Structures are given as C-alpha cells and as structure tokens.
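Reading through the structure tokens given below for one structure.
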Amino acid sequence: MVLFFQLLIDGLASGAIYASLALALVLIFRATRIVNFGQGEMATLSAYCAWQLCEWGVPIALSLLIVGAASFLLGVLVFRAVIKPVSKASTETVVVVTLGLFVFFQALCLWLWGADQRAFPAMFPGGGWDILGVRVTASTLGILLVLLCLAATMGAIFRFTRLGLAMRASAYSSEKSLLVGIRVERMLMLGWGFAATTGFIAAALVGPRLFLSPTMMMPILLYALASATLGGWDSPLGALVGGLIVGVAESLGATFLPFIGADLRVVIPIAVTLVILLVRPVGLFGSSTVVKV
Amino acid sequence: MNGTRMFQSAPAVLVASVALCLPVLAPDFMLFEFSIAVSYGIAILGLNLLLGFSGQICLAQGALFGIGAYTTAIFNVNFGMDPIVTLPFAAIVTSLIGVLIGLPALRLQGLQLAIVTFGVASAFPQLLLKMDSITGGVTGLAIDQPMAPRWFPGSQELWLYGLSLICAAASVFMLSRLLRGDTGRLLRALRDNPLVAESLGVNLTKGRLAAFAASSALAGLGGGLFCILNGFISPQSFLPMKSIDILIGGIVGGITSMAGAFIGAVFIVFVPGWTTAINPALGGLIYGLCLIAMMMVARQGIAGLPIGRGLQALKHLFNKKGLSRVSGAVPGQLGGE
C-alpha cells in the first residue's frame, strides 16, 4: 500500500510536467486549431537559454523571469513568421510546418550547445518529508505548486479579465469577434506567446529531473499529446486533469503491469490515446463541435 | 494532378533514365547508397498516396518501414525463406498492422492520426527491444543476403540495385493503377472536400482506411527491401526520426509526384552524409527549414519547383480557355538537386 501511494505521488509529480506542456498545446489549439509539434523543442531552447544565463552568473530567479519573457516573444515571433502565412491552409500542411519547427529547434539547440548533457540548476531545495512511509520531496511539492499557480493564473486571466474574454471570443469565432472590434490576430499572437511561456515552465520543471539535452522534451511531448487528447483539446482544465491522470497511469502501469515494465512505459500514453479515441473521441472535458456543410 | 499523366510526365522520365544510367556512372558503393534511397523511395510513395492523395498525415512511416524490415528478417532467420520471397509478406503484414493502428484514429480528423502515429513512431524501438526473443533485441538480426546468380555479369551491388529498381517499378505500377481507377478518384474527392464526397455516398472511413492500408503496404515493401540491402537490421535503424526523415523526403520531392518520391529519397540519403562533415546539426537545420519553406513557398516540392509562379500565370491563361488541369511538369528541373 505504501508503494502504491509512493507511486501515486511520483506519478502526480511527472503528471504535473505533462500537464503544463499539455496546457501549452491546448492554449495554441484553442486559439488557432493547430497542434504544435514544435512546442517541446521551443521549450528546450528556452531552457537552454535559462541555463546559459545561470552559467554567466545571473541568479536563477532572474534568469527564469528573463527567459520567461523571451519565450513569450519567441512564441509571438514564430506565429508571425511561420504560422500566420499558413493559417488558412489544410491541417496536414500546418502539421508539416510545426514538425518543421520541431526539427529546426532541435537542430538549433544541438548546433549552439552540442549533444552533451548539462545539469540544470535545482529550483527547489533538496530534502523532503516522510508521511506514513511515503516520501514526499520538496521538489515534488514544488512542481505541483507551480502547476497549481499556473492553472490559477490562466484560469483567472481567461475568466476575469477583458483580455481573457477577447481571447476566448476569438478562439470561439474569429469572424464574429472581428465584427465586434476584437483584434483577433493580436489575440492569436498572445495565445502563442502564453503557450511558449507555459512550455518553458514545463521545460524548467523537467530540467532538474533529467539533464538538459536537445532531445529531452521529445518523450514529454508524447505524454503531453496523450494528456491533451485525454482531457479534450479545447479544455485547459482537461489538459491539467489529463496530464495528472497520464502521469499516475504511467507510474502505476510501469510497476504493476509486468508485461510493460520500465522499458515499455512509453506505450502507456499511446494506449490512453487509443482508448479515449475509441470511447469518447472529444476527450473527458472536451466539447463536441458541429461542422456545418 | 492525374496519376497517369504524372507517370508519363517529364520528371518521371528523367528520374527513370537517371536510375537506369546510374550503374554506368556511379561506383559500386554509391550504387549501394542509391539502392537504399530506392527502398526509402518506396516508403515515400506510400506517404504520397496517404498525404498527397487522401490528405491524411502519418508520422509512423519509419516504424511501418521497420515492421516490413523485421518481417523479412524474421521470416528468413526463423523459417529459412528466401529473402526475396518474403517481400510480399512484408507488405501484407505491415498493411495489417497499419490498419490496426489507424482504425481508431481514422474515424476522426486528420490530426488524431498524426498524434497516434507520432506515438507509435516513438514507441517502436522500445517495443523491438522488449520483444527481444524474436527481434534479437539490441543486437538485431542478420539475414542471408540473396547472392547474384552465376549467370549475372555485374557485381553484387549491381544485382541488388537491379532488385531495388524492380521493386520500385512494381510499386509505381501498382500505385498508378490504383490512382487511375475509381479508388484514386474517390481518394481525391475525400481530400478535396470530405463533406461533399460523403454526402454523395462515398464511405469516408473505408476510403481512408484503404489508403492507409496501401500506404503501409508500400512502407513494408520498402522496409523489406532495406533489410535485404543492408543484410542486417537493429532497432537503431528505426528511431522516431526515421519517420520524420521519410516525411521530409516526401515533402521535399513533392507530395503528389511519384518521381518526386525518389528525388526526395535521394535527398534524405545523401544530405545528412554531406552536412555532418561540416556540423552534425546542419542536416537538422536544413531539414527544418526545408519543411517550413516548402509549405510556404512550393507545396509541389522539387518535382514542381521551377515552374512556380510562372506556371501559375500559365494555368490562369489555360483556365480561361477551359482547360482546367495543367500537368505540373517541365523538363530540366532536376538541375537544382
């Protein structure tokens, strides 16, 4: 039983990371109906920048702030330069473009920093607490706390601010929003910016757990895609819950299902995706859309 | 664009004649690399059918390619079958597995297939390692390469190159027959306007599934050929990036052009070799930029590049005269390769 709870806690911690990248994916999908396969690699680039700043002697908190803002700009830039020109094109075209981002940013990190792994500075103090034999480390708690803050901030922006309302409106119907005077394009740009920052937060959370490497976000992206599919692509809440469920499922499955084990844990997100697509294709919290002929 | 017309068009003739002249021009080791390119080309043909003609995106083409390769290897190692005889089995087995993967995703929009197949591509090497009792795990499998028969005058490389060309010709022939017939028309209708096609009585899921099955079969055939050419396979050959490489080949060559599939395959075989000498990351940068730029500037790929804007004006002119279709091909466009 202790083992079960321990795995549950560990699963929640990794689930929080999947959830934050899934949140970034969902933010972009809601705004522009695009799945950004390059999201993880953009986040890797940001994480490398943060690491580089720390290496140059900038305190970690300050470098995280600077890179958070820079990530926002990166998202805006990518949207302006690459996504906007193809935004009217077919799904396949856009998927190919975002895959291009994926390959490009991965190669860029490899070019700038090489293939060697780098140790990302820890953000949370070491140590932890034993609660009835279950070890809860400070970093686990910290990760969950960051996710909670992220979710609360996003929720508050969307729910209570004019900006959030305008963003929701342009995601809902861009033509009608234009008619009532919302600058839809600016909203989409902001959506991409927020998503890039959220992705960076995910990468900064992953950084200390793994080592920095140009391919570090590739497996995380897979889990995030599964989380977003599970939660529903148009629901930020779904992304959070989906991420946590996928994290727990991975942690429990890898231990309790003998034919999966540690080697095949990557199969779990695929299984989750296939099951939810068969049972409820719009996801747990997604809303089905009606297509007009 | 029409399948038949494309097969007869200039890039196809050019690619075919270059392919036939190669044994005279290229040394044996180059011939081997070109044979590998042909095996990728067959997998890219499958992607052409799926992405170019039915508007579905599959990011696991490299994994399906691997399933074909392992089918050939396992049939050879365990049952002692001649590797060449295993090729049809490689195609059939891969096609079945492809359908199993695609079944849940194909009911939905194109995005779901992309997401599911991305997962499959990531999990495939792990799966190979896990099933080490039949796949040989990390050490991989070595097969008995088919030897050139005694009457054959050329080298072993030439014999394998000839084998690749025969496989490629068979694939192109089958695919152009498929595209020329009802299936081709049905697929194009589904790609261009699924809603209208469905309301006219076309079965969306069935059509997509058929395209996916055929595309997987081609990937499997290419994979089987790859296994024969290499004589040895291991999970290292089928990492997730392989699927993206194949997609890049398809896009660069031109996703609706059969000749383009082979141009793209040559691109993905030779570019990494040339660029790693300068910087290991350069290949990736070029790939990424190619994917983005091709989508923004030249959606027809290299097999449709130099015409670009000029032909569009021409097309406009022809349209006025009532000729709605202009076959997008001019000779001499390989100059840029």
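Every chain in the structure tokens has a letter given in the order shown (A, B, ...), and although residue numbers restart at 1 in each chain, ligands are simply numbered from 1 in the order shown.
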- Message: Using only C-alpha atoms and a distance of at most 8 Å, pull out the residues of chain A that contact chain B, as JSON, numbers by chain.
- Response: {"A": [35, 82, 85, 86, 91, 92, 93, 95, 96, 97, 98, 99, 100, 101, 102, 103, 104, 105, 106, 107, 108, 110, 111, 219, 222, 225, 263, 264, 266, 267, 269, 270, 273, 274, 277, 278, 281, 293]}
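Using only C-alpha atoms, the shortest contact distance between Leu210 in chain A and any of A:Ser63, A:Gln117, A:Gln52, A:Asn36 is found at A:Gln117.
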- From the DSSP assignment of the backbone, select every residue of range 9-248 of chain A that is alpha helix (DSSP H), and format the answer as a ChimeraX atom specification. /A:9-32,39-55,60-78,84-86,91-113,138-160,162-172,174-179,184-209,217-231,236-248
- Do a neighbour search on Gly133 in chain A at 9 Å with only C-alpha atoms, toss out local chain neighbours closer than 4 positions, and write the hits as number ranges by chain. A: 2-3, 6
Selection above as a file: N, CA and C atoms, as a compact mmCIF listing (two decimals), in the first residue's frame:
```txt
# COMPACT_ATOMS: atom_id res chain seq x y z
N VAL A 2 1.96 1.18 0.81
CA VAL A 2 2.88 2.31 0.85
C VAL A 2 3.45 2.54 -0.56
N LEU A 3 3.81 1.41 -1.20
CA LEU A 3 4.36 1.50 -2.56
C LEU A 3 3.36 2.19 -3.48
N GLN A 6 3.30 5.84 -2.80
CA GLN A 6 4.56 6.43 -3.27
C GLN A 6 4.51 6.64 -4.79
```
- Residue neighbourhood Ala217 in chain B, 8 Å, only C-alpha atoms, exclusion window fewer than 2 positions, as a list of chain:residue names: B:Gly46, B:Ala90, B:Ala91, B:Ile92, B:Val93, B:Thr94, B:Ser95, B:Ala213, B:Ala214, B:Ser215, B:Ala219, B:Gly220, B:Leu221
Distance query range 229-237 of chain A at most 10 Å, only C-alpha atoms, self and fewer than 4 positions along chain excluded, as a short mmCIF file (atom, residue, chain, number, x, y, z; two decimals) with N, CA and C atoms, in the first residue's frame:
```
data_model
loop_
_atom_site.label_atom_id
_atom_site.label_comp_id
_atom_site.auth_asym_id
_atom_site.auth_seq_id
_atom_site.Cartn_x
_atom_site.Cartn_y
_atom_site.Cartn_z
N ALA A 19 1.21 17.90 -17.73
CA ALA A 19 0.05 18.79 -17.76
C ALA A 19 0.45 20.18 -18.22
N SER A 20 1.62 20.67 -17.77
CA SER A 20 1.96 22.04 -18.16
C SER A 20 2.28 22.12 -19.66
N ALA A 22 0.99 20.04 -21.87
CA ALA A 22 -0.31 19.83 -22.49
C ALA A 22 -1.11 21.13 -22.49
N LEU A 23 -0.97 21.90 -21.39
CA LEU A 23 -1.67 23.18 -21.30
C LEU A 23 -1.20 24.12 -22.42
N ALA A 24 0.11 24.12 -22.67
CA ALA A 24 0.64 24.94 -23.76
C ALA A 24 0.04 24.51 -25.09
N LEU A 25 -0.01 23.19 -25.32
CA LEU A 25 -0.57 22.69 -26.58
C LEU A 25 -2.03 23.09 -26.73
N VAL A 26 -2.77 22.97 -25.61
CA VAL A 26 -4.19 23.27 -25.67
C VAL A 26 -4.43 24.76 -25.90
N LEU A 27 -3.60 25.60 -25.26
CA LEU A 27 -3.74 27.05 -25.47
C LEU A 27 -3.64 27.37 -26.96
N ILE A 28 -2.67 26.75 -27.62
CA ILE A 28 -2.49 27.01 -29.05
C ILE A 28 -3.62 26.41 -29.86
N PHE A 29 -4.04 25.22 -29.46
CA PHE A 29 -5.12 24.59 -30.23
C PHE A 29 -6.40 25.40 -30.12
N ARG A 30 -6.70 25.87 -28.93
CA ARG A 30 -7.91 26.67 -28.75
C ARG A 30 -7.87 27.93 -29.59
N ALA A 31 -6.71 28.55 -29.64
CA ALA A 31 -6.62 29.83 -30.35
C ALA A 31 -6.60 29.61 -31.86
N ARG A 33 -6.50 26.27 -33.63
CA ARG A 33 -6.83 24.95 -34.16
C ARG A 33 -5.61 24.25 -34.76
N VAL A 35 -2.13 21.85 -33.75
CA VAL A 35 -1.33 21.13 -32.76
C VAL A 35 0.13 21.43 -33.06
N ALA A 151 -2.19 27.10 -13.31
CA ALA A 151 -3.59 26.86 -13.64
C ALA A 151 -4.46 28.00 -13.13
N MET A 154 -3.86 31.18 -15.30
CA MET A 154 -4.51 31.03 -16.61
C MET A 154 -6.03 31.16 -16.47
N GLY A 155 -6.55 30.43 -15.46
CA GLY A 155 -7.99 30.45 -15.24
C GLY A 155 -8.47 31.87 -14.97
N ALA A 171 -11.08 32.69 -30.07
CA ALA A 171 -10.95 31.25 -30.26
C ALA A 171 -12.29 30.66 -30.68
N TYR A 223 3.78 12.40 -24.08
CA TYR A 223 2.86 12.33 -22.95
C TYR A 223 1.89 13.50 -22.95
N ALA A 224 2.39 14.68 -23.34
CA ALA A 224 1.52 15.86 -23.35
C ALA A 224 0.44 15.72 -24.41
N LEU A 225 0.79 15.16 -25.57
CA LEU A 225 -0.22 14.94 -26.61
C LEU A 225 -1.30 13.99 -26.10
N VAL A 241 -6.09 17.88 -15.84
CA VAL A 241 -6.54 16.60 -15.30
C VAL A 241 -5.94 15.46 -16.12
N GLY A 242 -5.97 15.62 -17.45
CA GLY A 242 -5.41 14.59 -18.33
C GLY A 242 -3.95 14.34 -18.02
N GLY A 243 -3.19 15.41 -17.84
CA GLY A 243 -1.77 15.27 -17.55
C GLY A 243 -1.53 14.49 -16.27
N ILE A 245 -3.60 12.40 -14.81
CA ILE A 245 -4.02 11.00 -14.97
C ILE A 245 -2.95 10.21 -15.73
N VAL A 246 -2.44 10.81 -16.81
CA VAL A 246 -1.43 10.11 -17.60
C VAL A 246 -0.19 9.86 -16.75
N PRO A 269 1.04 6.13 -22.75
CA PRO A 269 0.30 7.24 -23.35
C PRO A 269 -0.40 6.86 -24.66
N VAL A 272 -3.52 5.04 -23.75
CA VAL A 272 -4.51 6.00 -23.25
C VAL A 272 -5.16 6.73 -24.43
N THR A 273 -4.33 7.18 -25.39
CA THR A 273 -4.86 7.90 -26.54
C THR A 273 -5.83 7.04 -27.33
N LEU A 274 -5.42 5.80 -27.62
CA LEU A 274 -6.27 4.93 -28.43
C LEU A 274 -7.59 4.66 -27.73
N VAL A 275 -7.53 4.40 -26.41
CA VAL A 275 -8.76 4.08 -25.69
C VAL A 275 -9.71 5.27 -25.69
N ILE A 276 -9.17 6.46 -25.42
CA ILE A 276 -10.08 7.62 -25.35
C ILE A 276 -10.64 7.93 -26.75
N LEU A 277 -9.85 7.70 -27.79
CA LEU A 277 -10.35 7.94 -29.14
C LEU A 277 -11.47 6.97 -29.49
N ARG A 280 -14.45 7.96 -26.23
CA ARG A 280 -15.01 9.31 -26.22
C ARG A 280 -14.04 10.22 -26.95
N PRO A 281 -14.17 10.31 -28.27
CA PRO A 281 -13.15 10.99 -29.08
C PRO A 281 -12.91 12.45 -28.71
N VAL A 282 -13.89 13.15 -28.12
CA VAL A 282 -13.65 14.56 -27.80
C VAL A 282 -12.88 14.73 -26.50
N GLY A 283 -12.65 13.63 -25.78
CA GLY A 283 -11.89 13.74 -24.53
C GLY A 283 -12.82 13.95 -23.35
N LEU A 284 -12.25 13.86 -22.13
CA LEU A 284 -13.08 13.90 -20.93
C LEU A 284 -13.84 15.21 -20.79
N PHE A 285 -13.13 16.33 -21.03
CA PHE A 285 -13.75 17.64 -20.81
C PHE A 285 -14.02 18.39 -22.11
N GLY A 286 -13.76 17.74 -23.22
CA GLY A 286 -13.91 18.43 -24.50
C GLY A 286 -15.37 18.59 -24.87
N SER A 287 -15.64 19.54 -25.73
CA SER A 287 -17.00 19.70 -26.23
C SER A 287 -17.00 19.32 -27.70
N SER A 288 -18.01 18.59 -28.09
CA SER A 288 -18.05 18.18 -29.50
C SER A 288 -18.51 19.37 -30.33
N GLN B 112 -5.80 13.45 -35.39
CA GLN B 112 -5.71 12.31 -34.48
C GLN B 112 -4.74 11.28 -35.02
N ILE B 115 -1.28 12.35 -34.27
CA ILE B 115 -0.90 12.19 -32.87
C ILE B 115 -0.62 10.73 -32.55
N VAL B 116 -1.54 9.85 -32.98
CA VAL B 116 -1.38 8.42 -32.66
C VAL B 116 -0.11 7.87 -33.34
#
```
- Query: So which residues of range 67-266 of chain A fall under strand (DSSP E or B) by DSSP, listed as a PyMOL selection string?
  - Reply: chain A and resi 118+128-131+134-137+212
